[in-house]
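The next block holds one structure in the form of structure tokens; read it before the comments.
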Amino acid sequence: MIAFDDVYFSYGDHHILKGVNFQIQESERVAILGGSGGGKTTILKLIVGLLKPDSGRILIDNDDITIKSEDELMEVRKKFSIVFQDGALFDSLNVKENVAFCLREYTKMSEQEIDEEVDELLRIVGVEHAKYYMPDELSGGMHRRVAIARSLAVTKPRMFLYDEATTGLDPVNAENICNLINELSKNGTGHIIVTHRVIDALRVADRFIFLKDGGIALDGDSSVLIRSNISDIVVFINELKYNLS
Amino acid sequence: MSEKIKRLLSELQDYYLLSIQGLLGIFRKPFYSKDAIDQMDYAGAGSFVIVMIVSLFIGMALSLQLSAELGVLGLKMYTGKVVGISIIREVGPVTAALVYCGRVGAGMASELGSMVIGHQVDSLRVFGVDPIKKLVTPRLLSSIIMLPALTIIGNAIALLGGYYIAVFVSHQSGYVYWSSIRDILNFENVFSGSIKPFMFGFLIASISCYMGLTTKGGAKGLRKSTTNAVVFSIIMIIISDFMLTKILLYLLGFSL
């Protein structure tokens with residue numbers, strides 16, 4: 001479904017991606033790991049066309065999205081549901097209005113139907129009690145849950161994209177979010193999670209892509225990740241071992 | 001050097017496109033009328049008291065200065081006329097625009113800037129919502145409507161302030177003051193004073209939205225975009241005021 005073909009990307013003089021190649025099928029559960037500023041979030045934004053690469057092709061269903069206009073990209077984006085870092089809830093709207101945003105935008109549902117749909121989505125993510133809270137009244141974990149509920153309201157996505165979904169959360173909340181991510185993928189819908197927390201990546205993914213120096217240093221399953229002797233990955237794994245011990 | 005010029009031209013092109021798309025959004029579906037009304041409430045009703053206070057004191061200060069100066073020449077009875085023309089044609093629209101720019105323009109730039117930093121604008125794009133239609137058009141529309149309204153009310157308050165000084169401090173006839181004001185409220189003066197706020201409202205909203213939506217970096221980037229929004233808006237208000245004055249004087253047949 002997703003294919004990166006020799007993708008280069010830079011912010012000014014800072015080269016983020018240098019000839020990245022990979023393919024991801026829509027039912028896969030993938031974690032993209034790497035250090036801060038390594039291009040993890042950039043990859044998610046490239047997938048949904050929020051950024052354009054300097055060179056290379058990005059194929060979604062064999063269709064090169066790098067040459068598409070903003071209007072054409074709208075169709076591509078409907079295939080994905082993305083949860084940004086920190087949730088990116090609209091801070092002028094309460095939880096209900098945030099979740100109902102796309103329902104109001106794209107459907108002709110009545111107010112009662114919207115209300116019922118919002119209740120259902122909030123129940124799925126376990127924050128039904130916070131329906132009328134404003135975003136600044138939510139904890140970090142609740143923020144992410146509401147963001148996930150909002151992303152579920154978009155359409156029926158073929159793949160979920162999560163940007164640092166567990167970063168900054170306490171271990172209990174992080175595990176709850178991971179469980180929720182797994183729950184949403186039970187019906188075979190794949191996901192890509194960008195994270196630097198190896199423990200969370202192992203909870204939700206079967207395939208691991210590790211970014212280093214603008215390229216892919218590792219691409220494999222959990223056994224490949226854990227046995228890797230690449231210095232940066234060893235540091236990540238050591239942190240995991242330390243946490244476990 | 002050539003890189004800088006290229007970047008400047010590219011930014012000017014982006015600003016031009018954003019302004020035009022934002023303006024055209026007023027006539028194209030979907031209409032975000034609730035957002036526009038919210039913006040009008042924030043920009044118009046929210047700025048009302050500040051514009052009133054500033055206009056009142058500007059009117060009083062102007063009347064005070066002119067009474068003193070015209071008194072020396074024995075022309076005190078012209079205070080109302082000169083105060084009226086100054087306020088309606090020039091001081092009123094510019095004062096209201098500067099106050100509006102400081103309050104609303106800065107607010108627009110910082111609000112949109114924080115939405116960019118917090119990925120809220122990216123969220124809109126992912127949800128298939130055009131950020132220019134959703135965010136820029138309501139702000140442009142509200143500014144184009146509310147700034148002229150604020151200017152008219154501000155002018156009235158400034159004239160009242162001028163009246164207070166002329167009558168109770170400078171001991172002039174209130175009847176003479178108001179009849180002078182009535183005399184200068186002709187088409188030429190009212191038209192030249194009314195056309196400016198529309199242009200100022202458009203400039204403030206478009207510049208502030210552009211600065212907000214092009215915010216880069218964190219708090220420092222937000223500070224820069226907010227400052228730039230206010231600074232560039234003020235510069236453009238003053239420049240466009242001069243140019244509009246020149247054009248209007250020519251169109252309305254005033255000889256220099």
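In the structure tokens, each chain is lettered A, B, ... as it comes, each chain's residues begin at 1, and ligands are numbered from 1 in order of appearance.
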
Discussion item. Residues near stretch 130-141 of chain A, anyone? I mean within 12 Å using only C-alpha atoms, not counting same-chain ones fewer than 2 positions away, as number ranges by chain.
Written reply: A: 85-100, 115-123, 125-128, 143-149, 165-178, 180

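With only C-alpha atoms taken into account, the protein and nucleic acid residues at most 7 Å from stretch 216-229 of chain A (excluding it and anything under 4 positions from it in its own chain) are Val20, Leu202, Asp206, Arg207, Phe208, Ile209, Phe210, Leu211, Lys212, Ile233, Val234 and Ile237 of chain A.
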
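Using only C-alpha atoms, the part of chain B that sits within 9 Å of chain A is made up of Met115, Gly118, His119, Gln120, Val121, Asp122, Ser123, Arg125, Val126, Phe127, Gly128 and Val129 of chain B.
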
Item to complete: Please provide the set of residues having any atom within 9 Å of stretch 234-240 of chain B, restricted to only C-alpha atoms, with same-chain residues fewer than 4 positions apart removed, written as an NGL selection string.
Response: :B and (94 or 97-98 or 101-102 or 196 or 199-200 or 203-204 or 229-230 or 244-245)

Include C-alpha atoms and write out the residues we just selected as a PDB file, in the first residue's frame.
```pdb
ATOM      1  CA  VAL B  94      -6.185  55.327  11.247  1.00  0.00           C
ATOM      2  CA  ALA B  97      -7.096  50.556  12.530  1.00  0.00           C
ATOM      3  CA  LEU B  98      -4.037  50.843  14.772  1.00  0.00           C
ATOM      4  CA  CYS B 101      -4.220  45.868  14.635  1.00  0.00           C
ATOM      5  CA  GLY B 102      -2.710  45.827  18.129  1.00  0.00           C
ATOM      6  CA  LYS B 196     -10.286  53.439   4.269  1.00  0.00           C
ATOM      7  CA  MET B 199      -8.878  48.453   3.096  1.00  0.00           C
ATOM      8  CA  PHE B 200      -7.289  48.584   6.567  1.00  0.00           C
ATOM      9  CA  LEU B 203      -4.727  44.420   5.221  1.00  0.00           C
ATOM     10  CA  ILE B 204      -4.664  43.700   8.969  1.00  0.00           C
ATOM     11  CA  ALA B 229       2.061  40.810  12.008  1.00  0.00           C
ATOM     12  CA  VAL B 230       1.691  43.990  14.056  1.00  0.00           C
ATOM     13  CA  LEU B 244      -5.716  56.175  -0.548  1.00  0.00           C
ATOM     14  CA  THR B 245      -5.752  59.809   0.536  1.00  0.00           C
TER      15      THR B 245
END
```

Find the spatial neighbours of B:Arg89, counting only C-alpha atoms, within a cut-off of 9 Å - ignore same-chain residues fewer than 3 positions away - and output them as a PDB file with N, CA and C atoms, in the first residue's frame.
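Final file, part_29.pdb:
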```pdb
ATOM      1  N   GLY B  84     -13.508  68.017  13.065  1.00  0.00           N
ATOM      2  CA  GLY B  84     -14.390  67.112  12.320  1.00  0.00           C
ATOM      3  C   GLY B  84     -13.715  66.534  11.089  1.00  0.00           C
ATOM      4  N   ILE B  85     -13.119  67.431  10.282  1.00  0.00           N
ATOM      5  CA  ILE B  85     -12.462  66.954   9.047  1.00  0.00           C
ATOM      6  C   ILE B  85     -11.306  66.004   9.388  1.00  0.00           C
ATOM      7  N   SER B  86     -10.505  66.410  10.386  1.00  0.00           N
ATOM      8  CA  SER B  86      -9.343  65.576  10.772  1.00  0.00           C
ATOM      9  C   SER B  86      -9.799  64.188  11.190  1.00  0.00           C
ATOM     10  N   GLY B  92      -9.635  59.320  12.610  1.00  0.00           N
ATOM     11  CA  GLY B  92     -10.551  58.262  13.060  1.00  0.00           C
ATOM     12  C   GLY B  92     -10.236  56.906  12.450  1.00  0.00           C
ATOM     13  N   PRO B  93     -10.194  56.816  11.102  1.00  0.00           N
ATOM     14  CA  PRO B  93      -9.906  55.508  10.483  1.00  0.00           C
ATOM     15  C   PRO B  93      -8.540  54.941  10.883  1.00  0.00           C
ATOM     16  N   ASN B 189     -16.323  64.028   2.291  1.00  0.00           N
ATOM     17  CA  ASN B 189     -15.615  63.706   3.543  1.00  0.00           C
ATOM     18  C   ASN B 189     -16.009  62.331   4.088  1.00  0.00           C
ATOM     19  N   VAL B 190     -17.306  62.072   4.069  1.00  0.00           N
ATOM     20  CA  VAL B 190     -17.780  60.792   4.625  1.00  0.00           C
ATOM     21  C   VAL B 190     -17.266  59.637   3.760  1.00  0.00           C
ATOM     22  N   PHE B 191     -17.305  59.799   2.447  1.00  0.00           N
ATOM     23  CA  PHE B 191     -16.847  58.734   1.550  1.00  0.00           C
ATOM     24  C   PHE B 191     -15.354  58.468   1.743  1.00  0.00           C
ATOM     25  N   SER B 192     -14.565  59.557   1.774  1.00  0.00           N
ATOM     26  CA  SER B 192     -13.111  59.332   1.885  1.00  0.00           C
ATOM     27  C   SER B 192     -12.744  58.731   3.240  1.00  0.00           C
ATOM     28  N   GLY B 193     -13.557  59.014   4.265  1.00  0.00           N
ATOM     29  CA  GLY B 193     -13.280  58.410   5.575  1.00  0.00           C
ATOM     30  C   GLY B 193     -13.809  56.994   5.698  1.00  0.00           C
ATOM     31  N   SER B 194     -14.831  56.667   4.904  1.00  0.00           N
ATOM     32  CA  SER B 194     -15.451  55.333   5.042  1.00  0.00           C
ATOM     33  C   SER B 194     -14.760  54.260   4.223  1.00  0.00           C
ATOM     34  N   LYS B 196     -11.570  53.887   3.700  1.00  0.00           N
ATOM     35  CA  LYS B 196     -10.286  53.439   4.269  1.00  0.00           C
ATOM     36  C   LYS B 196     -10.396  52.231   5.202  1.00  0.00           C
ATOM     37  N   THR B 245      -5.451  58.382   0.411  1.00  0.00           N
ATOM     38  CA  THR B 245      -5.752  59.809   0.536  1.00  0.00           C
ATOM     39  C   THR B 245      -5.467  60.516  -0.783  1.00  0.00           C
TER      40      THR B 245
END
```

Worksheet entry | Test item: residues at most 7 Å from A:Asp54, only C-alpha atoms, excluding those fewer than 3 positions along its chain, as a PyMOL selection string | chain A and resi 8-10
